[in-house]
Amino acid sequence: MSTKIAFFDAKSYDRDTFGKVNRDFGFDIHFYKERLSMNTVALTQGVEAVCIFVNAECDRRVIERMASYGVKLIALRCAGFNNVDVAAAREHGIRVVRVPAYSPHAVAEYAVTLMLALNRKVYRSVYRTREGNFKLNGLLGFDMYGKTVGVIGMGKIAKELIKILKGFGMNILAYDLYPDEKFASEYGVKMVTLDELYEGSDIISLHCPLTEETKFIINNDSITKMKYGVMIINTGRGKLIKTEDLIYGLRTHQVGSAALDVYEEEANYFYEDRSDKMIDDDKLALLLMMPNAIVTSHQAFFTQEAVQNIAVTTLQNIRDFEEGKELVNEVK
């Protein structure tokens, strides 16, 4: 019999894409609109594999319950795995796999989109012209050419971003615990310390994983080291930034502008239609009102190519597990 999969946080595009790709795999997929949590873990009874996304609550309690139900595999359809207690999964014999690189181009291109939209005030201009206001006051930007971008983390996405920004004629500073010196030399990237990156960058873009070491890497202390008026871009993970500290930086203009495709407490809002309800998260509500900030709904990955790659890689991960093959995308 084919592996039975409980598929959580399923959106219409998930059902469409995974449904089509699954024609080549033949899995028994049960789609649920709810996120995995202690309130929904009962839906994993009688399944071998669970497929989850970025906002699933896959802590020790949930994993222990799934193990008691006989779940053998957690298949993340994303790159990040900070929401999974991997140690608890290992203790209970549950393997964890992910999609490490669905489309680095998609996220890198979106990071550049946010930079340009912030710099040239595109969002404000569109709102104005729709109301018949064609004044230029308040829309002044700067040339990207010759400016310095600091990239924190230098994985696949960051490397694609660097390639794009070099085409703009920008200077690149980068920080990574395990720097790729060959790539840095080839693309003229200067590897620096974090403090040097903060002090020298006109724009800072976050592309590091969320770990205990990187949690709230952007905070009051780091912001005070940055250039006055710095632009901050986050297409990585929400908790890389301490939101209240960013808001203070924006208010004082130490941070000139910020674009967030992820948010510290996004789980209750992102991927849902909340337009008919009040936003009761005061920090998020304030960010949405600030003229020098952009918040989007964790959509940097969302291209046709990326969604297709996610489906293929996720189902191939499950097939490899089913057939007892090496799990090349296993989280160790």
# chains A, B, ... in the order shown; residues from 1 in each chain; ligands from 1
>>> residues_around(residues="Ile232 (chain A)", least_positions_apart="3", cutoff="8 Å", atoms="only C-alpha atoms", output="list in words")
Ile203, Ile204, Ser205, Val255, Ser257, Ala258 and Ala259 of chain A
>>> write_last_selection(atoms="C-alpha atoms", output="PDB file, in the first residue's frame")
ATOM      1  CA  ILE A 203      21.433  48.248   3.225  1.00  0.00           C
ATOM      2  CA  ILE A 204      21.417  45.063   5.334  1.00  0.00           C
ATOM      3  CA  SER A 205      19.720  41.891   4.082  1.00  0.00           C
ATOM      4  CA  VAL A 255      16.761  52.808  10.712  1.00  0.00           C
ATOM      5  CA  SER A 257      13.387  52.018   6.317  1.00  0.00           C
ATOM      6  CA  ALA A 258      12.623  48.323   6.691  1.00  0.00           C
ATOM      7  CA  ALA A 259      10.918  45.652   4.626  1.00  0.00           C
TER       8      ALA A 259
END
>>> residues_around(residues="Phe183 (chain A)", least_positions_apart="4", cutoff="12 Å", atoms="only C-alpha atoms", output="list in words")
Met154, Gly155, Lys156, Ala158, Lys159, Glu160, Ile162, Lys163, Ala174, Pro179, Tyr187, Gly188, Val189, Lys190 and Met191 of chain A
>>> select_by_dssp(residues="region 50-260 of chain A", states="strand (DSSP E)", output="PyMOL selection string")
chain A and resi 50-52+73-76+95-97+148-152+171-175+189-191+203-206+230-234+255-260
>>> residues_around(residues="Ser68 (chain A)", least_positions_apart="5", cutoff="12 Å", atoms="only C-alpha atoms", output="VMD selection string")
chain A and resid 41 to 42 44 to 48 61 to 63 89 92 to 94
>>> write_last_selection(atoms="N, CA and C atoms", output="compact mmCIF listing (two decimals), in the first residue's frame")
# COMPACT_ATOMS: atom_id res chain seq x y z
N VAL A 41 -3.18 17.45 16.33
CA VAL A 41 -2.29 16.29 16.17
C VAL A 41 -3.06 14.98 16.05
N ALA A 42 -4.28 14.95 16.55
CA ALA A 42 -5.09 13.72 16.44
C ALA A 42 -5.32 13.32 14.99
N THR A 44 -3.19 12.95 12.87
CA THR A 44 -2.06 12.14 12.39
C THR A 44 -2.21 10.66 12.73
N GLN A 45 -3.30 10.29 13.37
CA GLN A 45 -3.51 8.89 13.70
C GLN A 45 -3.64 8.07 12.42
N GLY A 46 -2.90 6.98 12.36
CA GLY A 46 -3.02 6.07 11.23
C GLY A 46 -2.25 6.49 9.99
N VAL A 47 -1.37 7.52 10.11
CA VAL A 47 -0.56 7.92 8.96
C VAL A 47 0.91 7.65 9.25
N GLU A 48 1.68 7.47 8.20
CA GLU A 48 3.12 7.23 8.36
C GLU A 48 3.94 8.51 8.23
N ARG A 61 5.90 17.86 22.71
CA ARG A 61 4.60 17.26 23.03
C ARG A 61 3.91 16.71 21.79
N VAL A 62 3.94 17.50 20.72
CA VAL A 62 3.31 17.08 19.47
C VAL A 62 4.03 15.85 18.92
N ILE A 63 5.35 15.87 18.97
CA ILE A 63 6.12 14.74 18.44
C ILE A 63 5.87 13.47 19.24
N ALA A 89 12.32 14.37 17.92
CA ALA A 89 11.97 13.47 16.82
C ALA A 89 12.95 12.31 16.75
N HIS A 92 12.41 9.65 19.34
CA HIS A 92 11.23 8.82 19.13
C HIS A 92 11.24 8.12 17.77
N GLY A 93 12.39 8.12 17.12
CA GLY A 93 12.51 7.37 15.88
C GLY A 93 11.81 7.96 14.68
N ILE A 94 11.55 9.26 14.72
CA ILE A 94 10.90 9.94 13.60
C ILE A 94 11.96 10.68 12.79
>>> residues_around(residues="Arg124 (chain A)", least_positions_apart="2", cutoff="9 Å", atoms="only C-alpha atoms", output="number ranges by chain")
A: 121-122, 126-129, 138-139, 291
>>> select_by_dssp(residues="region 57-172 of chain A", states="helix (DSSP H, G or I)", output="PyMOL selection string")
chain A and resi 60-69+86-91+104-119+122-130+156-167
>>> atom_distance(atom1="CA of Gly80 (chain A)", atom2="CA of Arg95 (chain A)")
15.4 Å
>>> residues_around(residues="region 249-252 of chain A", least_positions_apart="5", cutoff="12 Å", atoms="only C-alpha atoms", output="PyMOL selection string")
chain A and resi 218-232+241-244+257-259+286-287+289-294
>>> write_last_selection(atoms="N, CA and C atoms", output="PDB file, in the first residue's frame")
ATOM      1  N   ILE A 218      19.142  41.183  15.070  1.00  0.00           N
ATOM      2  CA  ILE A 218      18.881  42.618  14.908  1.00  0.00           C
ATOM      3  C   ILE A 218      18.132  43.086  16.143  1.00  0.00           C
ATOM      4  N   ASN A 219      18.815  43.890  16.955  1.00  0.00           N
ATOM      5  CA  ASN A 219      18.257  44.376  18.218  1.00  0.00           C
ATOM      6  C   ASN A 219      18.804  45.777  18.487  1.00  0.00           C
ATOM      7  N   ASN A 220      18.484  46.321  19.636  1.00  0.00           N
ATOM      8  CA  ASN A 220      18.944  47.688  19.940  1.00  0.00           C
ATOM      9  C   ASN A 220      20.456  47.836  19.827  1.00  0.00           C
ATOM     10  N   ASP A 221      21.175  46.859  20.355  1.00  0.00           N
ATOM     11  CA  ASP A 221      22.636  46.953  20.340  1.00  0.00           C
ATOM     12  C   ASP A 221      23.173  46.965  18.908  1.00  0.00           C
ATOM     13  N   SER A 222      22.690  46.057  18.076  1.00  0.00           N
ATOM     14  CA  SER A 222      23.198  46.001  16.701  1.00  0.00           C
ATOM     15  C   SER A 222      22.745  47.212  15.897  1.00  0.00           C
ATOM     16  N   ILE A 223      21.526  47.681  16.140  1.00  0.00           N
ATOM     17  CA  ILE A 223      21.010  48.833  15.395  1.00  0.00           C
ATOM     18  C   ILE A 223      21.828  50.092  15.690  1.00  0.00           C
ATOM     19  N   THR A 224      22.268  50.249  16.938  1.00  0.00           N
ATOM     20  CA  THR A 224      23.054  51.447  17.276  1.00  0.00           C
ATOM     21  C   THR A 224      24.413  51.445  16.578  1.00  0.00           C
ATOM     22  N   LYS A 225      24.886  50.287  16.149  1.00  0.00           N
ATOM     23  CA  LYS A 225      26.174  50.196  15.445  1.00  0.00           C
ATOM     24  C   LYS A 225      26.036  50.487  13.953  1.00  0.00           C
ATOM     25  N   MET A 226      24.800  50.526  13.459  1.00  0.00           N
ATOM     26  CA  MET A 226      24.579  50.678  12.017  1.00  0.00           C
ATOM     27  C   MET A 226      24.673  52.135  11.586  1.00  0.00           C
ATOM     28  N   LYS A 227      24.847  52.322  10.283  1.00  0.00           N
ATOM     29  CA  LYS A 227      24.815  53.668   9.702  1.00  0.00           C
ATOM     30  C   LYS A 227      23.460  54.312   9.976  1.00  0.00           C
ATOM     31  N   TYR A 228      23.468  55.612  10.230  1.00  0.00           N
ATOM     32  CA  TYR A 228      22.211  56.332  10.404  1.00  0.00           C
ATOM     33  C   TYR A 228      21.415  56.272   9.099  1.00  0.00           C
ATOM     34  N   GLY A 229      20.155  55.862   9.189  1.00  0.00           N
ATOM     35  CA  GLY A 229      19.303  55.783   8.013  1.00  0.00           C
ATOM     36  C   GLY A 229      19.411  54.479   7.243  1.00  0.00           C
ATOM     37  N   VAL A 230      20.006  53.438   7.843  1.00  0.00           N
ATOM     38  CA  VAL A 230      20.198  52.150   7.175  1.00  0.00           C
ATOM     39  C   VAL A 230      18.851  51.547   6.747  1.00  0.00           C
ATOM     40  N   MET A 231      18.878  50.791   5.675  1.00  0.00           N
ATOM     41  CA  MET A 231      17.711  50.030   5.227  1.00  0.00           C
ATOM     42  C   MET A 231      17.905  48.574   5.638  1.00  0.00           C
ATOM     43  N   ILE A 232      16.872  47.951   6.225  1.00  0.00           N
ATOM     44  CA  ILE A 232      16.941  46.557   6.657  1.00  0.00           C
ATOM     45  C   ILE A 232      15.899  45.736   5.903  1.00  0.00           C
ATOM     46  N   ILE A 241      14.767  39.333  13.935  1.00  0.00           N
ATOM     47  CA  ILE A 241      14.635  40.743  14.329  1.00  0.00           C
ATOM     48  C   ILE A 241      13.763  40.863  15.575  1.00  0.00           C
ATOM     49  N   LYS A 242      14.239  41.606  16.570  1.00  0.00           N
ATOM     50  CA  LYS A 242      13.414  41.941  17.730  1.00  0.00           C
ATOM     51  C   LYS A 242      12.542  43.122  17.334  1.00  0.00           C
ATOM     52  N   THR A 243      11.268  42.871  17.141  1.00  0.00           N
ATOM     53  CA  THR A 243      10.380  43.837  16.503  1.00  0.00           C
ATOM     54  C   THR A 243      10.318  45.165  17.239  1.00  0.00           C
ATOM     55  N   GLU A 244      10.201  45.124  18.559  1.00  0.00           N
ATOM     56  CA  GLU A 244      10.075  46.391  19.293  1.00  0.00           C
ATOM     57  C   GLU A 244      11.327  47.247  19.139  1.00  0.00           C
ATOM     58  N   SER A 257      14.528  52.762   6.861  1.00  0.00           N
ATOM     59  CA  SER A 257      13.387  52.018   6.317  1.00  0.00           C
ATOM     60  C   SER A 257      13.618  50.538   6.545  1.00  0.00           C
ATOM     61  N   ALA A 258      12.532  49.773   6.501  1.00  0.00           N
ATOM     62  CA  ALA A 258      12.623  48.323   6.691  1.00  0.00           C
ATOM     63  C   ALA A 258      11.543  47.633   5.886  1.00  0.00           C
ATOM     64  N   ALA A 259      11.886  46.484   5.339  1.00  0.00           N
ATOM     65  CA  ALA A 259      10.918  45.652   4.626  1.00  0.00           C
ATOM     66  C   ALA A 259      10.981  44.250   5.204  1.00  0.00           C
ATOM     67  N   LEU A 286       1.309  48.577  14.284  1.00  0.00           N
ATOM     68  CA  LEU A 286       2.126  49.787  14.174  1.00  0.00           C
ATOM     69  C   LEU A 286       3.018  49.739  12.934  1.00  0.00           C
ATOM     70  N   LEU A 287       3.647  48.591  12.688  1.00  0.00           N
ATOM     71  CA  LEU A 287       4.492  48.449  11.498  1.00  0.00           C
ATOM     72  C   LEU A 287       3.700  48.710  10.222  1.00  0.00           C
ATOM     73  N   MET A 289       1.315  50.644   9.795  1.00  0.00           N
ATOM     74  CA  MET A 289       0.973  52.057   9.675  1.00  0.00           C
ATOM     75  C   MET A 289       2.173  52.941   9.360  1.00  0.00           C
ATOM     76  N   MET A 290       3.379  52.438   9.564  1.00  0.00           N
ATOM     77  CA  MET A 290       4.566  53.283   9.441  1.00  0.00           C
ATOM     78  C   MET A 290       4.890  53.545   7.979  1.00  0.00           C
ATOM     79  N   PRO A 291       5.139  54.815   7.613  1.00  0.00           N
ATOM     80  CA  PRO A 291       5.387  55.148   6.209  1.00  0.00           C
ATOM     81  C   PRO A 291       6.732  54.665   5.688  1.00  0.00           C
ATOM     82  N   ASN A 292       7.649  54.313   6.593  1.00  0.00           N
ATOM     83  CA  ASN A 292       8.975  53.865   6.171  1.00  0.00           C
ATOM     84  C   ASN A 292       9.158  52.357   6.359  1.00  0.00           C
ATOM     85  N   ALA A 293       8.046  51.621   6.364  1.00  0.00           N
ATOM     86  CA  ALA A 293       8.108  50.171   6.519  1.00  0.00           C
ATOM     87  C   ALA A 293       7.166  49.485   5.542  1.00  0.00           C
ATOM     88  N   ILE A 294       7.584  48.317   5.074  1.00  0.00           N
ATOM     89  CA  ILE A 294       6.754  47.453   4.245  1.00  0.00           C
ATOM     90  C   ILE A 294       6.683  46.091   4.919  1.00  0.00           C
TER      91      ILE A 294
END
>>> residues_around(residues="region 54-57 of chain A", least_positions_apart="3", cutoff="12 Å", atoms="only C-alpha atoms", output="short mmCIF file (atom, residue, chain, number, x, y, z; two decimals) with N, CA, C and O atoms, in the first residue's frame")
data_model
loop_
_atom_site.label_atom_id
_atom_site.label_comp_id
_atom_site.auth_asym_id
_atom_site.auth_seq_id
_atom_site.Cartn_x
_atom_site.Cartn_y
_atom_site.Cartn_z
N PHE A 7 -1.41 16.09 5.47
CA PHE A 7 -0.85 17.32 4.89
C PHE A 7 -1.53 18.51 5.55
O PHE A 7 -2.71 18.78 5.32
N PHE A 8 -0.77 19.23 6.40
CA PHE A 8 -1.33 20.31 7.19
C PHE A 8 -1.12 21.68 6.55
O PHE A 8 -0.23 21.86 5.73
N ASP A 9 -1.97 22.63 6.98
CA ASP A 9 -1.87 24.03 6.51
C ASP A 9 -1.98 24.09 4.99
O ASP A 9 -1.28 24.86 4.32
N ALA A 10 -2.89 23.30 4.45
CA ALA A 10 -3.03 23.19 2.99
C ALA A 10 -3.84 24.35 2.44
O ALA A 10 -4.98 24.59 2.83
N LYS A 33 -6.73 22.00 6.25
CA LYS A 33 -6.45 23.43 6.23
C LYS A 33 -5.81 23.90 7.54
O LYS A 33 -5.15 24.93 7.58
N GLU A 34 -5.98 23.14 8.61
CA GLU A 34 -5.42 23.52 9.91
C GLU A 34 -3.91 23.30 9.96
O GLU A 34 -3.37 22.44 9.28
N ARG A 35 -3.24 24.11 10.78
CA ARG A 35 -1.82 23.89 11.05
C ARG A 35 -1.66 22.75 12.06
O ARG A 35 -2.54 22.51 12.88
N LEU A 36 -0.52 22.07 12.02
CA LEU A 36 -0.24 21.05 13.00
C LEU A 36 0.03 21.71 14.35
O LEU A 36 0.80 22.66 14.46
N SER A 37 -0.64 21.21 15.39
CA SER A 37 -0.45 21.69 16.76
C SER A 37 -1.03 20.62 17.69
O SER A 37 -1.53 19.59 17.23
N MET A 38 -0.98 20.87 18.98
CA MET A 38 -1.59 19.92 19.92
C MET A 38 -3.09 19.81 19.69
O MET A 38 -3.70 18.78 19.99
N ASN A 39 -3.71 20.86 19.15
CA ASN A 39 -5.15 20.83 18.90
C ASN A 39 -5.52 19.99 17.69
O ASN A 39 -6.67 19.57 17.56
N THR A 40 -4.55 19.76 16.78
CA THR A 40 -4.85 19.04 15.55
C THR A 40 -4.06 17.75 15.38
O THR A 40 -4.24 17.04 14.39
N VAL A 41 -3.18 17.45 16.33
CA VAL A 41 -2.29 16.29 16.17
C VAL A 41 -3.06 14.98 16.05
O VAL A 41 -2.57 13.99 15.48
N VAL A 50 3.91 12.97 7.90
CA VAL A 50 3.22 14.23 8.14
C VAL A 50 3.95 15.31 7.36
O VAL A 50 5.17 15.43 7.44
N CYS A 51 3.19 16.10 6.59
CA CYS A 51 3.78 17.18 5.79
C CYS A 51 3.36 18.51 6.39
O CYS A 51 2.16 18.79 6.53
N ARG A 60 8.03 19.11 21.30
CA ARG A 60 8.19 17.78 21.89
C ARG A 60 6.85 17.12 22.18
O ARG A 60 6.67 15.91 21.93
N ARG A 61 5.90 17.86 22.71
CA ARG A 61 4.60 17.26 23.03
C ARG A 61 3.91 16.71 21.79
O ARG A 61 3.34 15.62 21.80
N VAL A 62 3.94 17.50 20.72
CA VAL A 62 3.31 17.08 19.47
C VAL A 62 4.03 15.85 18.92
O VAL A 62 3.39 14.88 18.45
N ILE A 63 5.35 15.87 18.97
CA ILE A 63 6.12 14.74 18.44
C ILE A 63 5.87 13.47 19.24
O ILE A 63 5.71 12.38 18.67
N ILE A 74 8.52 13.22 9.32
CA ILE A 74 8.04 14.60 9.22
C ILE A 74 8.67 15.19 7.97
O ILE A 74 9.90 15.28 7.87
N ALA A 75 7.84 15.57 7.00
CA ALA A 75 8.34 16.13 5.75
C ALA A 75 8.01 17.62 5.70
O ALA A 75 6.84 18.00 5.51
N LEU A 76 9.01 18.44 5.90
CA LEU A 76 8.85 19.89 5.80
C LEU A 76 8.86 20.29 4.33
O LEU A 76 9.77 19.91 3.59
N ARG A 77 7.88 21.05 3.91
CA ARG A 77 7.87 21.56 2.54
C ARG A 77 8.43 22.99 2.50
O ARG A 77 7.87 23.90 1.89
N CYS A 78 9.55 23.16 3.17
CA CYS A 78 10.25 24.44 3.26
C CYS A 78 11.68 24.14 3.67
O CYS A 78 12.03 22.99 3.96
N ALA A 79 12.51 25.18 3.69
CA ALA A 79 13.92 24.99 4.03
C ALA A 79 14.15 25.04 5.54
O ALA A 79 14.93 24.26 6.09
N GLY A 80 13.49 25.97 6.22
CA GLY A 80 13.70 26.15 7.65
C GLY A 80 13.08 25.03 8.47
O GLY A 80 12.03 24.49 8.11
N PHE A 81 13.71 24.70 9.60
CA PHE A 81 13.19 23.64 10.47
C PHE A 81 13.23 24.04 11.93
O PHE A 81 13.19 23.20 12.83
N ASN A 82 13.31 25.36 12.20
CA ASN A 82 13.41 25.84 13.57
C ASN A 82 12.14 25.57 14.38
O ASN A 82 12.16 25.61 15.61
N ASN A 83 11.02 25.28 13.71
CA ASN A 83 9.76 25.01 14.40
C ASN A 83 9.59 23.53 14.74
O ASN A 83 8.54 23.13 15.26
N VAL A 84 10.60 22.71 14.47
CA VAL A 84 10.56 21.28 14.76
C VAL A 84 11.59 20.95 15.82
O VAL A 84 12.76 21.33 15.70
N ASP A 85 11.17 20.24 16.86
CA ASP A 85 12.11 19.76 17.87
C ASP A 85 12.78 18.51 17.30
O ASP A 85 12.31 17.39 17.50
N ARG A 98 13.49 17.92 4.65
CA ARG A 98 13.09 19.27 4.27
C ARG A 98 13.37 19.50 2.79
O ARG A 98 13.86 18.61 2.08
N VAL A 99 13.08 20.73 2.34
CA VAL A 99 13.38 21.14 0.96
C VAL A 99 14.43 22.25 1.06
O VAL A 99 14.09 23.42 1.27
N LEU A 210 17.51 30.58 11.40
CA LEU A 210 17.15 30.96 12.77
C LEU A 210 17.67 29.89 13.73
O LEU A 210 17.23 28.74 13.70
N GLY A 236 14.14 36.19 5.62
CA GLY A 236 14.58 34.95 6.24
C GLY A 236 13.58 34.40 7.23
O GLY A 236 12.63 33.71 6.85
N ARG A 237 13.76 34.70 8.49
CA ARG A 237 12.86 34.27 9.56
C ARG A 237 12.53 35.46 10.44
O ARG A 237 13.37 36.31 10.71
N GLY A 238 11.28 35.52 10.92
CA GLY A 238 10.81 36.68 11.66
C GLY A 238 11.60 36.97 12.91
O GLY A 238 11.87 38.13 13.25
N VAL A 262 8.72 38.49 6.61
CA VAL A 262 8.48 37.58 7.72
C VAL A 262 8.34 38.43 8.98
O VAL A 262 8.82 39.56 9.03
N TYR A 263 7.69 37.87 9.99
CA TYR A 263 7.42 38.66 11.19
C TYR A 263 7.55 37.76 12.41
O TYR A 263 7.24 36.57 12.37
N GLU A 264 8.01 38.35 13.49
CA GLU A 264 8.31 37.63 14.73
C GLU A 264 7.16 36.74 15.19
O GLU A 264 7.36 35.61 15.61
N GLU A 265 5.94 37.23 15.12
CA GLU A 265 4.77 36.46 15.58
C GLU A 265 3.77 36.33 14.42
O GLU A 265 2.59 36.67 14.55
N GLU A 266 4.23 35.79 13.31
CA GLU A 266 3.40 35.77 12.10
C GLU A 266 2.35 34.67 12.06
O GLU A 266 1.41 34.74 11.27
N ALA A 267 2.47 33.66 12.89
CA ALA A 267 1.66 32.45 12.75
C ALA A 267 0.16 32.73 12.76
O ALA A 267 -0.60 32.05 12.05
N ASN A 268 -0.28 33.71 13.54
CA ASN A 268 -1.71 33.97 13.65
C ASN A 268 -2.26 34.85 12.53
O ASN A 268 -3.47 35.08 12.47
N TYR A 269 -1.38 35.32 11.64
CA TYR A 269 -1.82 36.27 10.62
C TYR A 269 -1.46 35.85 9.20
O TYR A 269 -2.31 35.86 8.31
N PHE A 270 -0.23 35.48 8.99
CA PHE A 270 0.24 35.24 7.63
C PHE A 270 -0.46 34.02 7.03
O PHE A 270 -0.73 33.03 7.70
N TYR A 271 -0.74 34.11 5.75
CA TYR A 271 -1.43 33.11 4.93
C TYR A 271 -2.93 33.04 5.20
O TYR A 271 -3.61 32.15 4.72
N GLU A 272 -3.45 34.00 5.98
CA GLU A 272 -4.88 34.04 6.25
C GLU A 272 -5.45 35.40 5.87
O GLU A 272 -4.73 36.40 5.83
N HIS A 298 5.06 36.71 3.86
CA HIS A 298 5.93 35.54 3.67
C HIS A 298 5.75 34.94 2.27
O HIS A 298 5.51 33.74 2.10
N GLN A 299 5.93 35.80 1.27
CA GLN A 299 5.67 35.40 -0.11
C GLN A 299 6.91 35.36 -0.98
O GLN A 299 6.82 35.10 -2.18
N PHE A 301 9.12 33.22 -1.47
CA PHE A 301 9.33 31.94 -2.15
C PHE A 301 8.31 31.69 -3.26
O PHE A 301 8.50 30.78 -4.08
#
>>> residues_around(residues="region 112-114 of chain A", least_positions_apart="2", cutoff="9 Å", atoms="only C-alpha atoms", output="MDAnalysis selection string")
chainID A and resid 107:110 116:119 161 164:165 233 258:261 294
>>> atom_distance(atom1="CA of Gly26 (chain A)", atom2="CA of Phe302 (chain A)")
25.0 Å
>>> atom_distance(atom1="CA of Ala67 (chain A)", atom2="CA of Val331 (chain A)")
17.5 Å
